[in-house]
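Asker: Before anything else, here's the structure in question.
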Protein chains: 2
Amino acid sequence: MAAFTSKDVARIAGVSQSTVSYVMTGKRPISERTRQRVLDAMAQLTYEPHSGARALAGRRTRVVGLVVRFGAGGDAFGLLPFIETIASSARAHDHEVLLVTADEGSAGLRRLAGRALCDAIIMMDIEEQDERVPVAAALSVPVVLIGVPADQAGLHCVDLDFEAAARMAVEELAGTGHDEIVIVGYPAAAMERGLNYVGRFLRSARRQAQVRGLPLTVIEPVDHGQEAAAADQLLARRTGGRLGVVVPHSDAIMPLLSALRKKDVVPGCDISLIGLSSDSWAEQSDPPYTNISVEPRDVSRRAMETLFWLLDPGSGVERPAIDLVAPRLTRRTTVMPAPAN
Amino acid sequence: MAAFTSKDVARIAGVSQSTVSYVMTGKRPISERTRQRVLDAMAQLTYEPHSGARALAGRRTRVVGLVVRFGAGGDAFGLLPFIETIASSARAHDHEVLLVTADEGSAGLRRLAGRALCDAIIMMDIEEQDERVPVAAALSVPVVLIGVPADQAGLHCVDLDFEAAARMAVEELAGTGHDEIVIVGYPAAAMERGLNYVGRFLRSARRQAQVRGLPLTVIEPVDHGQEAAAADQLLARRTGGRLGVVVPHSDAIMPLLSALRKKDVVPGCDISLIGLSSDSWAEQSDPPYTNISVEPRDVSRRAMETLFWLLDPGSGVERPAIDLVAPRLTRRTTVMPAPAN
DNA sequence: AAGCATCGTCGATGCGTATCGACGGACACT
DNA sequence: AGTGTCCGTCGATACGCATCGACGATGCTT
């Protein structure tokens with residue numbers, strides 16, 4: 001691994017260094033014969049271009065900066081699927097992924113752009129009022145947000161349509177003759193941080209419940225180990241009517257289900273439950289619950305499409321500034337059917 | 001954000017560009033007066049050095065490559081704490097973290113080194129026979145493994161001491177008069193992939209059980225949703241004697257506990273249980289279980305210490321080629337005390 | 001007081017690639 | 001045959017920084 005350069009390749013192929021470069025970039029026509037000779041030489045040396053030199057001369061790094069927050073109170077459905085999808089999408093475009101943690105705040109952003117560490121940035125865990133958003137907007141590299149802040153500052157945002165999801169949940173319960181709706185909320189940490197989707201979901205749910213004239217209450221989230229208490233709190237609301245429960249925080253669904261089971265409360269008979277989660281979780285659960293899809297892979301895939309479009313606006317169709325992935329409700333066993341009357 | 005260069009800084013500070021460089025690297029003495037002027041100029045311009053140029057000229061990228069595997073069957077205790085610790089450690093040394101997924105196999109490694117994308121690599125999810133290990137050993141950059149392959153090929157390895165953990169578990173059960181030991185194994189995916197710690201744990205446990213003359217069985221892992229079956233399988237083994245259960249796969253502990261609870265089998269009275277997990281999980285569980293500590297943060301912190309030592313051997317003390325973090329057993333409620341006799 | 005090491009700074013060079021202008025040759029057309 | 005057009009290739013240069021050798025200015029020694 002003696003670290004070959006394009007000059008070595010050129011010498012072996014019997015061409016000039018610039019020709020090797022043009023073979024790689026394809027920015028000038030190269031005869032098929034020469035091209036083959038160069039490619040052979042590259043293969044023979046297992047040549048890899050020096051990314052630093054490339055960044056210096058070509059002013060593009062082929063690196064995507066990924067800003068995530070690790071601390072608790074985070075996402076409703078796990079960070080890993082996002083990261084994984086982003087990584088594989090980057091790879092598909094021959095780009096690398098540079099990881100930056102959010103606890104650096106906007107300093108991390110400035111560093112990414114200032115040091116020319118990446119060509120574009122994708123930022124997750126956006127708060128409604130996020131100090132990083134204006135900084136990101138002023139950066140010299142494009143930034144895509146996963147999440148929608150109150151002021152998007154001209155940045156492109158991609159996320160699940162939490163407003164639509166909330167409406168959908170309320171409509172489903174209203175349409176099946178429920179009297180009251182309870183939302184099992186997000187963890188305290190997420191509430192306090194003002195994560196954007198928390199507000200988006202709750203506000204939309206309240207609005208829609210009002211439209212339907214249904215009383216809606218938000219109760220404390222189900223923390224791990226607190227299932228029993230949450231279930232009690234929930235059941236205390238039941239005044240004999242038809243109670244519908246909405247659980248937007250994926251992690252809370254399973255504990256809640258098992259707590260209900262323990263109390264011999266059967267979702268779909270005694271009570272109704274709609275969860276926000278990936279479809280596979282909902283299917284494999286016992287019982288399988290009616291869910292509204294939350295597919296992190298879809299969201300991050302679209303975010304990456306937007307990002308690469310920003311890097312090369314010629315390619316593909318124009319992307320919307322706010323790109324919301326439509327949720328999908330799948331009926332399973334946990335919502336009581338409308339009473340026949 | 002007009003992208004200033006060190007030449008701009010030099011002009012403003014009234015010095016030459018090389019002086020600016022020496023202020024940054026500290027590789028030559030600079031008078032305090034000049035140093036201040038340069039620092040002021042840098043602050044004024046919010047100058048950030050161009051990482052590509054720096055990599056090209058200085059042949060060091062200040063980037064750490066992190067190779068992880070996302071797919072299932074993975075780690076017993078979550079990927080995120082590892083990544084988080086590695087990221088923050090890198091940051092503390094003013095290094096970035098470049099993420100590479102393991103499904104690229106050794107190609108990802110070659111790319112990292114060949115393109116001079118990073119100064120060192122840290123690789124997780126090592127298999128006992130891992131095709132990437134010999135490749136890694138031949139690389140021009142140092143590589144630290146989290147995990148111990150059968151042939152470490154001269155690489156530095158850091159991991160929990162799974163052999164010691166297994167011995168510790170068996171000893172604890174033997175010392176409290178148990179007749180039989182059952183290990184609830186790892187997920188099939190982990191077994192098939194030959195993840196290094198699986199073999200290390202099981203072999204060591206078998207050996208120690210033999211020393212103690214105790215029958216030891218390994219049963220299928222507890223997959224999510226399969227708790228009941230696993231519990232049955234487990235209880236079927238109970239012939240009236242004192243049965244000790246060891247659960248090395250952290251994710252399996254909670255489901256198993258709840259399955260036992262459902263069958264009115266009380267750990268600590270009817271049966272004994274020792275889990276491998278982080279201490280915080282063990283404490284917060286209901287009931288709190290006797291555990292052997294598995295602290296990903298310790299492991300990755302030590303791995304990063306080794307990595308930075310390899311990058312600068314002058315600093316700090318020599319690091320062992322195989323650095324095993326000693327496990328710690330904390331007695332809680334789930335192991336039956338030795339019978340008084 | 002002259003010689004000598006040390007300190008602090010500068011100018012010049014090289015790192016490996018992308019890109020621009022130039023140029024010789026093949027070809028099509030007057 | 002002469003002129004113009006592409007095509008394919010080359011040489012030279014710039015990118016921003018680290019580093020090396022050089023050199024004037026000190027301070028110290030004898």
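Starting from 1 in every chain, residues are counted up; chains themselves are A, B, ... following the order of the structure tokens, and ligands are numbered from 1 as listed.
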Applying 12 Å and only C-alpha atoms (C1' of nucleotides), which residues near range 25-27 of chain C remain after dropping the ones on its own chain fewer than 2 positions away? List them as number ranges by chain.

Answerer: C: 23, 29; D: 4-9

Asker: Once you have the residues from the selection above, write them out as a short mmCIF file (atom, residue, chain, number, x, y, z; two decimals), in the first residue's frame, restricted to C-alpha atoms (C1' of nucleotides).

Answerer:
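Written out: selection02.cif:
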```cif
data_model
loop_
_atom_site.label_atom_id
_atom_site.label_comp_id
_atom_site.auth_asym_id
_atom_site.auth_seq_id
_atom_site.Cartn_x
_atom_site.Cartn_y
_atom_site.Cartn_z
"C1'" DC C 23 -1.81 22.08 -29.90
"C1'" DC C 29 -16.41 20.91 -46.33
"C1'" DG D 4 -12.26 25.30 -40.51
"C1'" DT D 5 -13.96 22.02 -36.72
"C1'" DC D 6 -13.78 18.75 -33.50
"C1'" DC D 7 -11.42 15.40 -30.91
"C1'" DG D 8 -7.97 13.77 -27.77
"C1'" DT D 9 -4.01 14.81 -25.31
#
```

Asker: Within 12 Å of range 18-25 of chain D, counting only C-alpha atoms (C1' of nucleotides), which residues show up once you throw out same-chain ones fewer than 6 positions away? Write them as a VMD selection string, please.

Answerer: (chain B and resid 6 17 to 28 49 53 to 60) or (chain C and resid 6 to 15)

Asker: Here is a test: counting only C-alpha atoms, which residue of A:Gln152, A:Ser106, A:Ser277, A:Ser272 is nearest to Val170 in chain A?

Answerer: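 Once distances to Val170 in chain A are computed over only C-alpha atoms, the minimum belongs to A:Ser272.
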
Asker: Let's see if you can do this: from backbone DSSP, list all strand (DSSP E or B) residues in range 8-95 of chain A, as a PDB file with C-alpha atoms, in the first residue's frame.

Answerer:
```
ATOM      1  CA  VAL A  63     -18.288  14.006   2.206  1.00  0.00           C
ATOM      2  CA  VAL A  64     -21.671  14.537   3.800  1.00  0.00           C
ATOM      3  CA  GLY A  65     -21.782  15.914   7.318  1.00  0.00           C
ATOM      4  CA  LEU A  66     -24.331  14.273   9.581  1.00  0.00           C
ATOM      5  CA  VAL A  67     -25.318  16.094  12.749  1.00  0.00           C
ATOM      6  CA  VAL A  68     -27.125  13.937  15.282  1.00  0.00           C
TER       7      VAL A  68
END
```

Asker: Using only C-alpha atoms and a distance of at most 6 Å, pull out the residues of chain A that contact chain B, as a list in words.

Answerer: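 That gives the following set of residues: Glu48, Pro49, His50, Ser51, Gly52, Ala53, Ala55, Leu56, Val97, Leu98, Leu99, Gly114, Arg115 and Ala116 of chain A.
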
Asker: For Ile271 in chain A, please output as JSON, numbers by chain all residues within 8 Å (counting only C-alpha atoms (C1' of nucleotides); exclusion window: fewer than 4 positions along the same chain).

Answerer: {"A": [242, 243, 244, 245, 265, 266, 267, 334, 335, 336]}

Asker: Now that the selection is made, can you save its residues with C-alpha atoms as a tab-separated table (two decimals), in the first residue's frame?

Answerer:
```
chain	number	residue	atom	x	y	z
A	242	ARG	CA	-65.49	4.71	24.33
A	243	LEU	CA	-61.94	5.73	24.99
A	244	GLY	CA	-59.37	6.00	22.25
A	245	VAL	CA	-55.69	6.16	23.07
A	265	VAL	CA	-57.94	-4.62	29.47
A	266	VAL	CA	-58.20	-5.77	25.90
A	267	PRO	CA	-57.34	-3.17	23.25
A	334	THR	CA	-56.67	-2.54	18.56
A	335	VAL	CA	-59.37	-0.12	17.50
A	336	MET	CA	-62.96	-0.93	18.41
```

Asker: Considering only C-alpha atoms (C1' of nucleotides), return as a PDB file with C-alpha atoms, in the first residue's frame whatever protein or nucleic-acid residues lie within 12 Å of Gly154 in chain A, sequence-local ones (same chain, fewer than 2 positions apart) excluded.

Answerer:
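Once everything was written out, this is out.pdb:
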```pdb
ATOM      1  CA  VAL A 133     -31.023  26.740  12.129  1.00  0.00           C
ATOM      2  CA  PRO A 134     -30.094  30.367  11.421  1.00  0.00           C
ATOM      3  CA  VAL A 135     -26.432  29.409  11.579  1.00  0.00           C
ATOM      4  CA  ALA A 136     -27.019  26.572   9.154  1.00  0.00           C
ATOM      5  CA  ALA A 137     -28.858  28.875   6.802  1.00  0.00           C
ATOM      6  CA  ALA A 138     -25.869  31.216   6.643  1.00  0.00           C
ATOM      7  CA  LEU A 139     -23.407  28.445   5.880  1.00  0.00           C
ATOM      8  CA  PRO A 142     -26.323  23.342   1.668  1.00  0.00           C
ATOM      9  CA  VAL A 143     -28.090  21.966   4.732  1.00  0.00           C
ATOM     10  CA  VAL A 144     -31.048  19.636   4.849  1.00  0.00           C
ATOM     11  CA  LEU A 145     -33.068  19.337   8.033  1.00  0.00           C
ATOM     12  CA  VAL A 148     -39.398  21.186  10.593  1.00  0.00           C
ATOM     13  CA  PRO A 149     -38.459  24.093  12.858  1.00  0.00           C
ATOM     14  CA  ALA A 150     -40.773  27.019  13.452  1.00  0.00           C
ATOM     15  CA  ASP A 151     -38.640  29.147  11.164  1.00  0.00           C
ATOM     16  CA  GLN A 152     -37.031  27.088   8.464  1.00  0.00           C
ATOM     17  CA  HIS A 156     -34.949  22.365   2.974  1.00  0.00           C
ATOM     18  CA  CYS A 157     -36.803  20.184   5.466  1.00  0.00           C
ATOM     19  CA  PRO A 320     -39.942  21.066  -2.298  1.00  0.00           C
ATOM     20  CA  ALA A 321     -38.653  23.223   0.523  1.00  0.00           C
ATOM     21  CA  ILE A 322     -40.740  21.242   2.972  1.00  0.00           C
TER      22      ILE A 322
END
```

Asker: Neighbours of Leu202 in chain A within 9 Å (only C-alpha atoms (C1' of nucleotides); same-chain residues fewer than 6 positions away dropped), as a list in words?

Answerer: Phe162, Glu163, Ala166, Ile183, Gly185 and Val218 of chain A

Asker: Can you check which parts of chain C lie within 9 Å of chain A? Per residue, the shortest pair of atoms and distance in Å to one decimal, counting only C-alpha atoms (C1' of nucleotides), sorted by chain and number, as a tab-separated table.

Answerer:
```
residue	atom	partner	partner_atom	distance
C:DC15	C1'	A:Ala53	CA	7.8
C:DG16	C1'	A:Ala53	CA	5.0
C:DT17	C1'	A:Arg54	CA	5.1
C:DA18	C1'	A:Gly58	CA	5.3
C:DT19	C1'	A:Gly58	CA	8.6
```

Asker: Hey, can you check how far CA of Ala190 in chain B sits from CA of Glu220 in chain B?

Answerer: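 Result for CA of Ala190 in chain B versus CA of Glu220 in chain B: 11.7 Å, one decimal.
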
Asker: How close does chain D get to chain B? List, as a tab-separated table, each residue of chain D within 8 Å, its nearest atom pair and the distance in Å to one decimal, counting only C-alpha atoms (C1' of nucleotides).

Answerer:
```
residue	atom	partner	partner_atom	distance
D:DC15	C1'	B:Ala53	CA	7.7
D:DG16	C1'	B:Ala53	CA	5.0
D:DC17	C1'	B:Arg54	CA	5.2
D:DA18	C1'	B:Gly58	CA	5.3
```

Asker: Please save C-alpha atoms (C1' of nucleotides) of the selected residues as a PDB file, in the first residue's frame.

Answerer:
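Once written, result_21.pdb looks like this:
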```pdb
ATOM      1  C1'  DC D  15      -5.571  25.081  -4.501  1.00  0.00           C
ATOM      2  C1'  DG D  16      -4.011  26.165   1.101  1.00  0.00           C
ATOM      3  C1'  DC D  17      -1.016  24.482   4.223  1.00  0.00           C
ATOM      4  C1'  DA D  18       3.350  22.336   6.517  1.00  0.00           C
TER       5       DA D  18
END
```

Asker: Using only C-alpha atoms, find the one residue out of A:Phe82, A:Trp309, A:Tyr186, A:Phe201 that sits nearest to Ser250 in chain A.

Answerer: A:Tyr186
